[in-house]
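Visitor: Structure file data.pdb (PDB, C-alpha atoms) right here:
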ATOM      1  CA  MET P   1    -145.363 -54.809 -53.664
ATOM      2  CA  ALA P   2    -145.918 -52.680 -50.555
ATOM      3  CA  PRO P   3    -143.264 -50.039 -49.916
ATOM      4  CA  SER P   4    -140.647 -50.775 -47.250
ATOM      5  CA  LEU P   5    -141.106 -49.385 -43.759
ATOM      6  CA  SER P   6    -138.039 -47.207 -44.148
ATOM      7  CA  SER P   7    -139.203 -45.672 -47.428
ATOM      8  CA  MET P   8    -142.698 -45.104 -46.060
ATOM      9  CA  ALA P   9    -141.299 -43.504 -42.927
ATOM     10  CA  ALA P  10    -139.072 -41.221 -44.941
ATOM     11  CA  SER P  11    -142.109 -39.931 -46.769
ATOM     12  CA  LEU P  12    -144.002 -39.180 -43.562
ATOM     13  CA  LEU P  13    -142.009 -36.067 -42.711
ATOM     14  CA  VAL P  14    -141.486 -32.738 -44.436
ATOM     15  CA  CYS P  15    -138.898 -30.617 -42.668
ATOM     16  CA  ALA P  16    -139.584 -26.901 -42.594
ATOM     17  CA  THR P  17    -136.264 -25.455 -41.533
ATOM     18  CA  LEU P  18    -137.427 -21.915 -42.160
ATOM     19  CA  LEU P  19    -140.016 -22.365 -39.417
ATOM     20  CA  GLN P  20    -137.559 -24.114 -37.062
ATOM     21  CA  THR P  21    -139.878 -27.096 -36.823
ATOM     22  CA  CYS P  22    -140.726 -30.312 -38.615
ATOM     23  CA  LEU P  23    -144.101 -31.343 -39.957
ATOM     24  CA  ALA P  24    -145.297 -34.870 -39.419
ATOM     25  CA  THR P  25    -147.635 -35.940 -42.196
ATOM     26  CA  ARG P  26    -150.241 -38.527 -43.083
ATOM     27  CA  ARG P  27    -150.200 -40.005 -46.568
ATOM     28  CA  LEU P  28    -152.059 -42.858 -48.192
ATOM     29  CA  THR P  29    -149.001 -44.854 -49.233
ATOM     30  CA  ALA P  30    -149.237 -46.582 -45.856
ATOM     31  CA  LEU P  31    -152.677 -47.975 -46.657
ATOM     32  CA  VAL P  32    -150.977 -50.926 -48.342
ATOM     33  CA  GLN P  33    -148.247 -51.203 -45.707
ATOM     34  CA  ASP P  34    -148.080 -54.068 -43.209
ATOM     35  CA  GLN P  35    -147.416 -52.978 -39.621
ATOM     36  CA  PRO P  36    -144.311 -54.351 -37.871
ATOM     37  CA  SER P  37    -144.515 -55.877 -34.406
ATOM     38  CA  PRO P  38    -143.792 -54.734 -31.805
ATOM     39  CA  ILE P  39    -144.224 -51.002 -32.416
ATOM     40  CA  THR P  40    -142.334 -49.127 -29.717
ATOM     41  CA  MET P  41    -142.923 -45.413 -29.313
ATOM     42  CA  GLU P  42    -139.983 -43.837 -27.531
ATOM     43  CA  TYR P  43    -140.369 -40.668 -25.478
ATOM     44  CA  HIS P  44    -137.662 -38.205 -26.493
ATOM     45  CA  LYS P  45    -138.101 -36.043 -23.373
ATOM     46  CA  GLY P  46    -139.487 -33.012 -25.191
ATOM     47  CA  ALA P  47    -142.244 -30.685 -24.055
ATOM     48  CA  LEU P  48    -145.833 -31.898 -24.337
ATOM     49  CA  LEU P  49    -149.127 -30.067 -24.321
ATOM     50  CA  THR P  50    -150.704 -29.782 -20.896
ATOM     51  CA  GLY P  51    -153.420 -27.856 -19.107
ATOM     52  CA  ARG P  52    -156.340 -26.314 -20.964
ATOM     53  CA  ILE P  53    -155.789 -26.351 -24.734
ATOM     54  CA  ALA P  54    -158.176 -24.627 -27.151
ATOM     55  CA  LEU P  55    -159.053 -26.178 -30.504
ATOM     56  CA  ASN P  56    -159.353 -23.207 -32.861
ATOM     57  CA  LEU P  57    -160.676 -23.846 -36.370
ATOM     58  CA  VAL P  58    -159.547 -21.870 -39.412
ATOM     59  CA  TRP P  59    -161.862 -22.580 -42.359
ATOM     60  CA  TYR P  60    -160.161 -21.660 -45.623
ATOM     61  CA  GLY P  61    -162.386 -21.601 -48.674
ATOM     62  CA  ASP P  62    -165.908 -22.774 -49.327
ATOM     63  CA  PHE P  63    -167.336 -25.242 -46.812
ATOM     64  CA  SER P  64    -171.066 -25.917 -46.643
ATOM     65  CA  ALA P  65    -172.885 -25.729 -43.316
ATOM     66  CA  PRO P  66    -173.279 -29.553 -43.159
ATOM     67  CA  GLN P  67    -169.553 -29.987 -43.795
ATOM     68  CA  ARG P  68    -168.610 -27.552 -41.042
ATOM     69  CA  ALA P  69    -171.048 -29.226 -38.664
ATOM     70  CA  ALA P  70    -169.668 -32.736 -39.246
ATOM     71  CA  LEU P  71    -166.053 -31.646 -38.699
ATOM     72  CA  THR P  72    -166.878 -29.413 -35.728
ATOM     73  CA  ASP P  73    -168.837 -32.207 -34.065
ATOM     74  CA  PHE P  74    -165.853 -34.520 -34.436
ATOM     75  CA  LEU P  75    -163.607 -32.055 -32.618
ATOM     76  CA  SER P  76    -166.329 -31.479 -30.021
ATOM     77  CA  SER P  77    -166.246 -35.232 -29.388
ATOM     78  CA  LEU P  78    -162.696 -34.766 -28.038
ATOM     79  CA  SER P  79    -163.625 -31.889 -25.745
ATOM     80  CA  ALA P  80    -163.722 -32.449 -22.009
ATOM     81  CA  ALA P  81    -167.169 -30.818 -22.055
ATOM     82  CA  SER P  82    -168.609 -33.350 -24.503
ATOM     83  CA  PRO P  83    -171.613 -35.285 -23.146
ATOM     84  CA  PRO P  84    -171.203 -39.063 -22.777
ATOM     85  CA  GLN P  85    -171.184 -40.896 -26.122
ATOM     86  CA  PRO P  86    -172.466 -44.435 -26.797
ATOM     87  CA  GLU P  87    -169.706 -47.010 -27.006
ATOM     88  CA  PRO P  88    -167.561 -47.506 -28.936
ATOM     89  CA  SER P  89    -166.872 -43.798 -28.815
ATOM     90  CA  VAL P  90    -164.458 -41.147 -30.007
ATOM     91  CA  THR P  91    -163.835 -40.345 -26.337
ATOM     92  CA  THR P  92    -162.720 -43.904 -25.589
ATOM     93  CA  TRP P  93    -160.553 -43.965 -28.719
ATOM     94  CA  PHE P  94    -158.768 -40.795 -27.608
ATOM     95  CA  LYS P  95    -157.961 -42.305 -24.199
ATOM     96  CA  THR P  96    -155.187 -44.324 -25.829
ATOM     97  CA  ALA P  97    -153.322 -41.056 -26.398
ATOM     98  CA  ARG P  98    -153.644 -40.355 -22.667
ATOM     99  CA  LYS P  99    -151.603 -43.484 -21.899
ATOM    100  CA  TYR P 100    -148.515 -41.876 -23.422
ATOM    101  CA  TYR P 101    -148.518 -39.144 -20.813
ATOM    102  CA  ALA P 102    -148.255 -41.716 -18.016
ATOM    103  CA  THR P 103    -144.550 -42.089 -18.830
ATOM    104  CA  SER P 104    -143.890 -38.323 -18.706
ATOM    105  CA  ASN P 105    -144.178 -35.664 -16.035
ATOM    106  CA  ALA P 106    -146.894 -33.816 -17.944
ATOM    107  CA  ARG P 107    -150.619 -33.994 -17.326
ATOM    108  CA  PHE P 108    -152.779 -34.910 -20.273
ATOM    109  CA  PRO P 109    -154.268 -31.728 -21.793
ATOM    110  CA  THR P 110    -157.896 -30.753 -21.394
ATOM    111  CA  LEU P 111    -159.215 -29.903 -24.845
ATOM    112  CA  SER P 112    -161.971 -27.356 -25.382
ATOM    113  CA  MET P 113    -163.563 -25.813 -28.427
ATOM    114  CA  GLY P 114    -162.176 -22.401 -29.241
ATOM    115  CA  ALA P 115    -162.718 -19.839 -31.998
ATOM    116  CA  HIS P 116    -163.883 -20.311 -35.582
ATOM    117  CA  VAL P 117    -162.128 -18.181 -38.208
ATOM    118  CA  LEU P 118    -163.790 -18.104 -41.639
ATOM    119  CA  ASP P 119    -161.975 -17.134 -44.828
ATOM    120  CA  HIS P 120    -164.473 -17.480 -47.652
ATOM    121  CA  SER P 121    -162.529 -15.082 -49.885
ATOM    122  CA  TYR P 122    -159.419 -17.251 -50.343
ATOM    123  CA  SER P 123    -157.305 -14.343 -49.103
ATOM    124  CA  LEU P 124    -154.027 -16.167 -49.827
ATOM    125  CA  GLY P 125    -155.175 -17.611 -53.140
ATOM    126  CA  LYS P 126    -156.000 -21.180 -54.107
ATOM    127  CA  HIS P 127    -152.438 -22.482 -54.303
ATOM    128  CA  LEU P 128    -150.863 -22.605 -50.843
ATOM    129  CA  LYS P 129    -147.371 -23.403 -49.661
ATOM    130  CA  GLU P 130    -146.203 -24.432 -46.205
ATOM    131  CA  HIS P 131    -145.636 -20.891 -44.990
ATOM    132  CA  ASP P 132    -149.213 -20.056 -45.998
ATOM    133  CA  LEU P 133    -150.536 -22.847 -43.774
ATOM    134  CA  VAL P 134    -148.532 -21.511 -40.833
ATOM    135  CA  ALA P 135    -149.818 -17.993 -41.519
ATOM    136  CA  LEU P 136    -153.380 -19.317 -41.510
ATOM    137  CA  ALA P 137    -152.745 -21.282 -38.315
ATOM    138  CA  ALA P 138    -151.491 -18.101 -36.667
ATOM    139  CA  ARG P 139    -155.002 -16.670 -37.004
ATOM    140  CA  GLY P 140    -155.978 -18.971 -34.158
ATOM    141  CA  GLY P 141    -154.663 -18.678 -30.611
ATOM    142  CA  ALA P 142    -151.040 -17.630 -30.079
ATOM    143  CA  ARG P 143    -150.504 -20.007 -27.154
ATOM    144  CA  ARG P 144    -152.112 -22.934 -25.341
ATOM    145  CA  ALA P 145    -153.828 -23.945 -28.556
ATOM    146  CA  ILE P 146    -154.001 -26.440 -31.362
ATOM    147  CA  ASN P 147    -154.998 -24.381 -34.372
ATOM    148  CA  VAL P 148    -156.706 -26.526 -36.983
ATOM    149  CA  VAL P 149    -156.501 -25.309 -40.594
ATOM    150  CA  LEU P 150    -159.030 -26.916 -42.932
ATOM    151  CA  THR P 151    -158.757 -26.197 -46.659
ATOM    152  CA  ALA P 152    -161.653 -26.602 -49.074
ATOM    153  CA  ALA P 153    -161.841 -29.048 -51.980
ATOM    154  CA  ASP P 154    -160.751 -26.436 -54.548
ATOM    155  CA  VAL P 155    -157.604 -25.393 -52.678
ATOM    156  CA  ALA P 156    -154.283 -26.881 -53.802
ATOM    157  CA  VAL P 157    -151.640 -27.219 -51.095
ATOM    158  CA  ALA P 158    -147.992 -28.063 -51.704
ATOM    159  CA  GLY P 159    -147.593 -31.814 -51.310
ATOM    160  CA  PHE P 160    -151.323 -32.477 -51.000
ATOM    161  CA  CYS P 161    -152.250 -35.754 -52.701
ATOM    162  CA  SER P 162    -148.733 -36.303 -54.043
ATOM    163  CA  SER P 163    -147.138 -36.835 -50.645
ATOM    164  CA  ARG P 164    -149.635 -36.118 -47.860
ATOM    165  CA  CYS P 165    -153.251 -35.854 -46.806
ATOM    166  CA  GLY P 166    -152.598 -33.698 -43.742
ATOM    167  CA  SER P 167    -149.823 -32.570 -41.434
ATOM    168  CA  HIS P 168    -149.110 -31.163 -38.005
ATOM    169  CA  GLY P 169    -146.366 -28.996 -36.600
ATOM    170  CA  ALA P 170    -145.692 -26.060 -34.317
ATOM    171  CA  SER P 171    -144.962 -22.363 -34.594
ATOM    172  CA  PRO P 172    -141.497 -21.004 -33.803
ATOM    173  CA  ARG P 173    -140.832 -19.914 -30.240
ATOM    174  CA  SER P 174    -141.758 -16.295 -29.572
ATOM    175  CA  ARG P 175    -142.566 -13.931 -26.730
ATOM    176  CA  ALA P 176    -146.248 -14.328 -27.540
ATOM    177  CA  GLY P 177    -145.978 -18.055 -26.933
ATOM    178  CA  ARG P 178    -146.077 -21.107 -29.128
ATOM    179  CA  PHE P 179    -148.953 -23.056 -30.625
ATOM    180  CA  ALA P 180    -149.329 -26.454 -32.213
ATOM    181  CA  TYR P 181    -151.268 -26.726 -35.440
ATOM    182  CA  VAL P 182    -152.873 -29.251 -37.735
ATOM    183  CA  TRP P 183    -153.697 -28.944 -41.415
ATOM    184  CA  VAL P 184    -156.054 -31.213 -43.369
ATOM    185  CA  GLY P 185    -157.383 -30.704 -46.895
ATOM    186  CA  ASN P 186    -160.641 -31.851 -48.458
ATOM    187  CA  PRO P 187    -159.619 -34.536 -51.004
ATOM    188  CA  ALA P 188    -163.016 -34.892 -52.732
ATOM    189  CA  ALA P 189    -162.048 -33.152 -55.973
ATOM    190  CA  GLN P 190    -158.303 -33.759 -56.077
ATOM    191  CA  CYS P 191    -157.472 -37.201 -54.685
ATOM    192  CA  PRO P 192    -160.316 -39.149 -53.089
ATOM    193  CA  GLY P 193    -158.579 -42.376 -54.093
ATOM    194  CA  GLN P 194    -155.564 -41.340 -52.062
ATOM    195  CA  CYS P 195    -156.936 -39.480 -49.043
ATOM    196  CA  ALA P 196    -160.540 -40.674 -48.657
ATOM    197  CA  TRP P 197    -160.049 -44.451 -48.597
ATOM    198  CA  PRO P 198    -161.964 -46.603 -47.591
ATOM    199  CA  TYR P 199    -164.834 -44.338 -48.679
ATOM    200  CA  HIS P 200    -163.511 -44.146 -52.241
ATOM    201  CA  GLN P 201    -161.934 -46.720 -54.530
ATOM    202  CA  PRO P 202    -158.180 -46.663 -53.848
ATOM    203  CA  GLN P 203    -155.998 -45.287 -56.617
ATOM    204  CA  TYR P 204    -153.570 -48.168 -56.227
ATOM    205  CA  GLY P 205    -153.040 -51.289 -54.170
ATOM    206  CA  PRO P 206    -155.593 -54.019 -53.440
ATOM    207  CA  GLN P 207    -159.004 -53.102 -54.824
ATOM    208  CA  ALA P 208    -162.302 -53.497 -52.965
ATOM    209  CA  PRO P 209    -165.659 -51.694 -53.208
ATOM    210  CA  PRO P 210    -165.701 -48.394 -51.313
ATOM    211  CA  LEU P 211    -167.657 -48.158 -48.078
ATOM    212  CA  ALA P 212    -170.548 -45.766 -47.490
ATOM    213  CA  PRO P 213    -169.437 -42.674 -45.506
ATOM    214  CA  PRO P 214    -171.269 -42.112 -42.192
ATOM    215  CA  ASN P 215    -171.749 -38.381 -42.759
ATOM    216  CA  GLY P 216    -172.736 -38.744 -46.400
ATOM    217  CA  ASP P 217    -169.696 -36.878 -47.695
ATOM    218  CA  VAL P 218    -166.684 -38.792 -49.035
ATOM    219  CA  GLY P 219    -164.390 -35.773 -48.746
ATOM    220  CA  VAL P 220    -165.406 -34.805 -45.216
ATOM    221  CA  ASP P 221    -165.358 -38.358 -43.887
ATOM    222  CA  GLY P 222    -161.909 -38.743 -45.416
ATOM    223  CA  MET P 223    -160.878 -35.515 -43.695
ATOM    224  CA  VAL P 224    -161.990 -36.925 -40.340
ATOM    225  CA  VAL P 225    -159.555 -39.840 -40.707
ATOM    226  CA  SER P 226    -156.644 -37.483 -41.430
ATOM    227  CA  LEU P 227    -157.770 -35.010 -38.771
ATOM    228  CA  ALA P 228    -157.941 -37.740 -36.126
ATOM    229  CA  SER P 229    -154.489 -39.014 -37.063
ATOM    230  CA  MET P 230    -152.873 -35.579 -37.014
ATOM    231  CA  LEU P 231    -154.553 -34.486 -33.775
ATOM    232  CA  VAL P 232    -153.172 -37.495 -31.940
ATOM    233  CA  GLY P 233    -149.766 -36.648 -33.396
ATOM    234  CA  ALA P 234    -150.108 -33.041 -32.239
ATOM    235  CA  VAL P 235    -150.921 -34.204 -28.708
ATOM    236  CA  THR P 236    -148.261 -36.903 -28.367
ATOM    237  CA  ASN P 237    -145.502 -35.246 -30.422
ATOM    238  CA  PRO P 238    -146.366 -31.539 -30.609
ATOM    239  CA  PHE P 239    -142.885 -30.087 -31.030
ATOM    240  CA  GLY P 240    -141.024 -32.901 -32.769
ATOM    241  CA  ASN P 241    -139.377 -34.354 -29.649
ATOM    242  CA  GLY P 242    -142.227 -36.190 -27.968
ATOM    243  CA  PHE P 243    -143.345 -39.754 -28.663
ATOM    244  CA  PHE P 244    -142.404 -41.380 -31.953
ATOM    245  CA  GLN P 245    -140.589 -44.326 -33.484
ATOM    246  CA  GLY P 246    -137.505 -44.064 -35.660
ATOM    247  CA  PRO P 247    -135.285 -41.076 -36.464
ATOM    248  CA  ALA P 248    -136.523 -37.568 -35.673
ATOM    249  CA  GLU P 249    -136.224 -36.568 -39.318
ATOM    250  CA  ALA P 250    -138.633 -39.348 -40.328
ATOM    251  CA  PRO P 251    -140.795 -40.337 -37.348
ATOM    252  CA  LEU P 252    -143.708 -42.713 -37.146
ATOM    253  CA  GLU P 253    -146.280 -41.598 -34.593
ATOM    254  CA  ALA P 254    -149.108 -43.203 -32.644
ATOM    255  CA  ALA P 255    -151.561 -43.047 -35.543
ATOM    256  CA  THR P 256    -149.360 -43.000 -38.637
ATOM    257  CA  ALA P 257    -147.695 -46.238 -37.549
ATOM    258  CA  CYS P 258    -151.120 -47.908 -37.846
ATOM    259  CA  ALA P 259    -152.235 -46.317 -41.116
ATOM    260  CA  GLY P 260    -154.903 -48.300 -42.932
ATOM    261  CA  VAL P 261    -156.066 -50.150 -39.820
ATOM    262  CA  TYR P 262    -159.570 -49.274 -38.588
ATOM    263  CA  GLY P 263    -161.009 -52.538 -37.291
ATOM    264  CA  LYS P 264    -160.021 -56.012 -36.182
ATOM    265  CA  GLY P 265    -158.691 -58.291 -38.892
ATOM    266  CA  ALA P 266    -157.479 -55.434 -41.099
ATOM    267  CA  TYR P 267    -154.985 -56.237 -43.814
ATOM    268  CA  PRO P 268    -153.700 -54.342 -46.864
ATOM    269  CA  GLY P 269    -156.721 -53.179 -48.817
ATOM    270  CA  TYR P 270    -159.213 -54.159 -46.100
ATOM    271  CA  ALA P 271    -160.043 -51.635 -43.367
ATOM    272  CA  GLY P 272    -161.077 -54.305 -40.871
ATOM    273  CA  SER P 273    -164.349 -55.303 -39.246
ATOM    274  CA  LEU P 274    -166.478 -52.175 -38.833
ATOM    275  CA  LEU P 275    -169.927 -51.304 -37.556
ATOM    276  CA  VAL P 276    -172.653 -50.667 -40.118
ATOM    277  CA  ASP P 277    -175.494 -48.213 -39.579
ATOM    278  CA  PRO P 278    -178.672 -50.184 -40.390
ATOM    279  CA  ALA P 279    -180.475 -47.011 -41.447
ATOM    280  CA  THR P 280    -177.908 -45.784 -43.975
ATOM    281  CA  GLY P 281    -175.570 -48.701 -44.630
ATOM    282  CA  ALA P 282    -172.621 -46.475 -43.671
ATOM    283  CA  SER P 283    -169.509 -47.998 -42.089
ATOM    284  CA  TYR P 284    -167.952 -46.519 -38.959
ATOM    285  CA  ASN P 285    -166.177 -47.506 -35.753
ATOM    286  CA  ALA P 286    -166.863 -44.683 -33.291
ATOM    287  CA  ASN P 287    -169.815 -42.713 -31.979
ATOM    288  CA  GLY P 288    -169.288 -38.987 -31.545
ATOM    289  CA  ALA P 289    -171.021 -35.850 -30.336
ATOM    290  CA  ARG P 290    -174.609 -35.077 -31.366
ATOM    291  CA  GLY P 291    -175.254 -38.648 -32.469
ATOM    292  CA  ARG P 292    -172.544 -38.545 -35.143
ATOM    293  CA  LYS P 293    -170.702 -41.598 -36.407
ATOM    294  CA  TYR P 294    -167.073 -41.491 -37.499
ATOM    295  CA  LEU P 295    -164.178 -43.610 -38.693
ATOM    296  CA  VAL P 296    -161.031 -43.170 -36.604
ATOM    297  CA  PRO P 297    -157.657 -44.866 -37.146
ATOM    298  CA  ALA P 298    -156.091 -47.488 -34.921
ATOM    299  CA  LEU P 299    -153.511 -46.155 -32.485
ATOM    300  CA  VAL P 300    -150.391 -47.764 -31.104
ATOM    301  CA  ASP P 301    -151.224 -48.758 -27.528
ATOM    302  CA  PRO P 302    -148.085 -48.174 -25.428
ATOM    303  CA  ASP P 303    -149.184 -50.983 -23.095
ATOM    304  CA  THR P 304    -149.068 -53.597 -25.849
ATOM    305  CA  SER P 305    -146.793 -51.970 -28.472
ATOM    306  CA  ALA P 306    -149.376 -52.916 -31.107
ATOM    307  CA  CYS P 307    -152.076 -51.183 -33.129
ATOM    308  CA  SER P 308    -155.255 -51.015 -31.072
ATOM    309  CA  THR P 309    -158.742 -50.656 -32.558
ATOM    310  CA  LEU P 310    -162.088 -49.920 -30.961
ATOM    311  CA  GLY P 311    -164.357 -52.880 -30.303
TER     312      GLY P 311
END
In structure tokens, write the structure found in this file.

Guide:
Amino acid sequence: MAPSLSSMAASLLVCATLLQTCLATRRLTALVQDQPSPITMEYHKGALLTGRIALNLVWYGDFSAPQRAALTDFLSSLSAASPPQPEPSVTTWFKTARKYYATSNARFPTLSMGAHVLDHSYSLGKHLKEHDLVALAARGGARRAINVVLTAADVAVAGFCSSRCGSHGASPRSRAGRFAYVWVGNPAAQCPGQCAWPYHQPQYGPQAPPLAPPNGDVGVDGMVVSLASMLVGAVTNPFGNGFFQGPAEAPLEAATACAGVYGKGAYPGYAGSLLVDPATGASYNANGARGRKYLVPALVDPDTSACSTLG
């Protein structure tokens, strides 16, 4: 039986009181969860990101050049400087997040690619805790930034696989400023059945053959799904008092409320109707920068209070 909405919601948040912030998370439990209707995202009157925001990438561990390129191109697809993409596109998908800002006094942020920080030496070891992720995120910009921490397949992170596939949060307030951050781990070696569905056989729930990943890498294409989900959360609920449904200690956000939905007709165990690349047989739903193809999650459309998919 699918878990209840309340139990699933409770598992979507890990509170980090030491850091004076809360971390919204994405976990695979929701892939067998039916979505309620309507889904109302309330604005809690908190600060939102606005103006020019840099996307800084912190690469922790061993990533191949093709892996870095696929993930970087996805983030570039969100940049205001990205060339037009064929429809359906990552750019069009991200416009749903813009709708949330229409009910606030803030202007939707202009995202741009920032710095790349490489840590091939595993300077903090291969077993990381939450404070390690924040320390890594701090290597990006100190303000006006979303610092994206990406951990390699051989890096264990507290809660990874057992309770989450990725998370987002914010640094404490300081004189230097405050940044939002996102963390996503590569699940290829540790939990592809939990954090790389539908590109890997699910560990539990309804079983169906896995789909072919559009970038030829189950772990990286799984990371894109989590990265997309957490980035939308970082934009619409950067400091824990933006847009979400339910109690602040266990919020559902624009993407996590639609977990497991990628195309029309989706139901538990079925990602929905997707596009198929005739050359590779890979399944996707969005075109990105440099001719890339990606799978992005459905988002709650504030106009309809329902999960909205591309196409």

Visitor: Looking at only C-alpha atoms, which of P:Val276, P:Ala189, P:Val235, P:Leu118 is the one that sits closest to Gly51 in chain P?

Guide: P:Val235

Visitor: Please report the interatomic distance between CA of Pro297 in chain P and CA of Tyr262 in chain P in Å with one decimal.

Guide: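 Distance reported for this atom pair: 5.0 Å.
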
Visitor: Suppose you want the space between CA of Val149 in chain P and CA of Asn56 in chain P; what is it in Å?

Guide: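 Result for CA of Val149 in chain P versus CA of Asn56 in chain P: 8.5 Å, one decimal.
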
Visitor: Closest to Arg292 in chain P among P:Asp132, P:Glu42, P:Asp221, P:Glu253, using only C-alpha atoms?

Guide: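 Checking each candidate against Arg292 in chain P, we get P:Asp221 as the closest.
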
Visitor: Can you list what the PyMOL selection byres ((chain P and resi 161) around 10) grabs from this structure, as a PyMOL selection string?

Guide: chain P and resi 27-28+156-160+162-166+185+187+190-195

Visitor: From the options P:Ala279, P:Leu71, P:Val58, P:Val261, which residue's atoms come nearest to Ala212 in chain P, counting only C-alpha atoms?

Guide: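 Smallest distance to Ala212 in chain P is found for P:Ala279.
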
Visitor: Looking at all atoms listed in the file, which of P:Phe94, P:Tyr43, P:Phe179, P:Tyr270 is the one that sits closest to Ser229 in chain P?

Guide: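 Comparing P:Phe94, P:Tyr43, P:Phe179, P:Tyr270 against Ser229 in chain P, the winner is P:Phe94.
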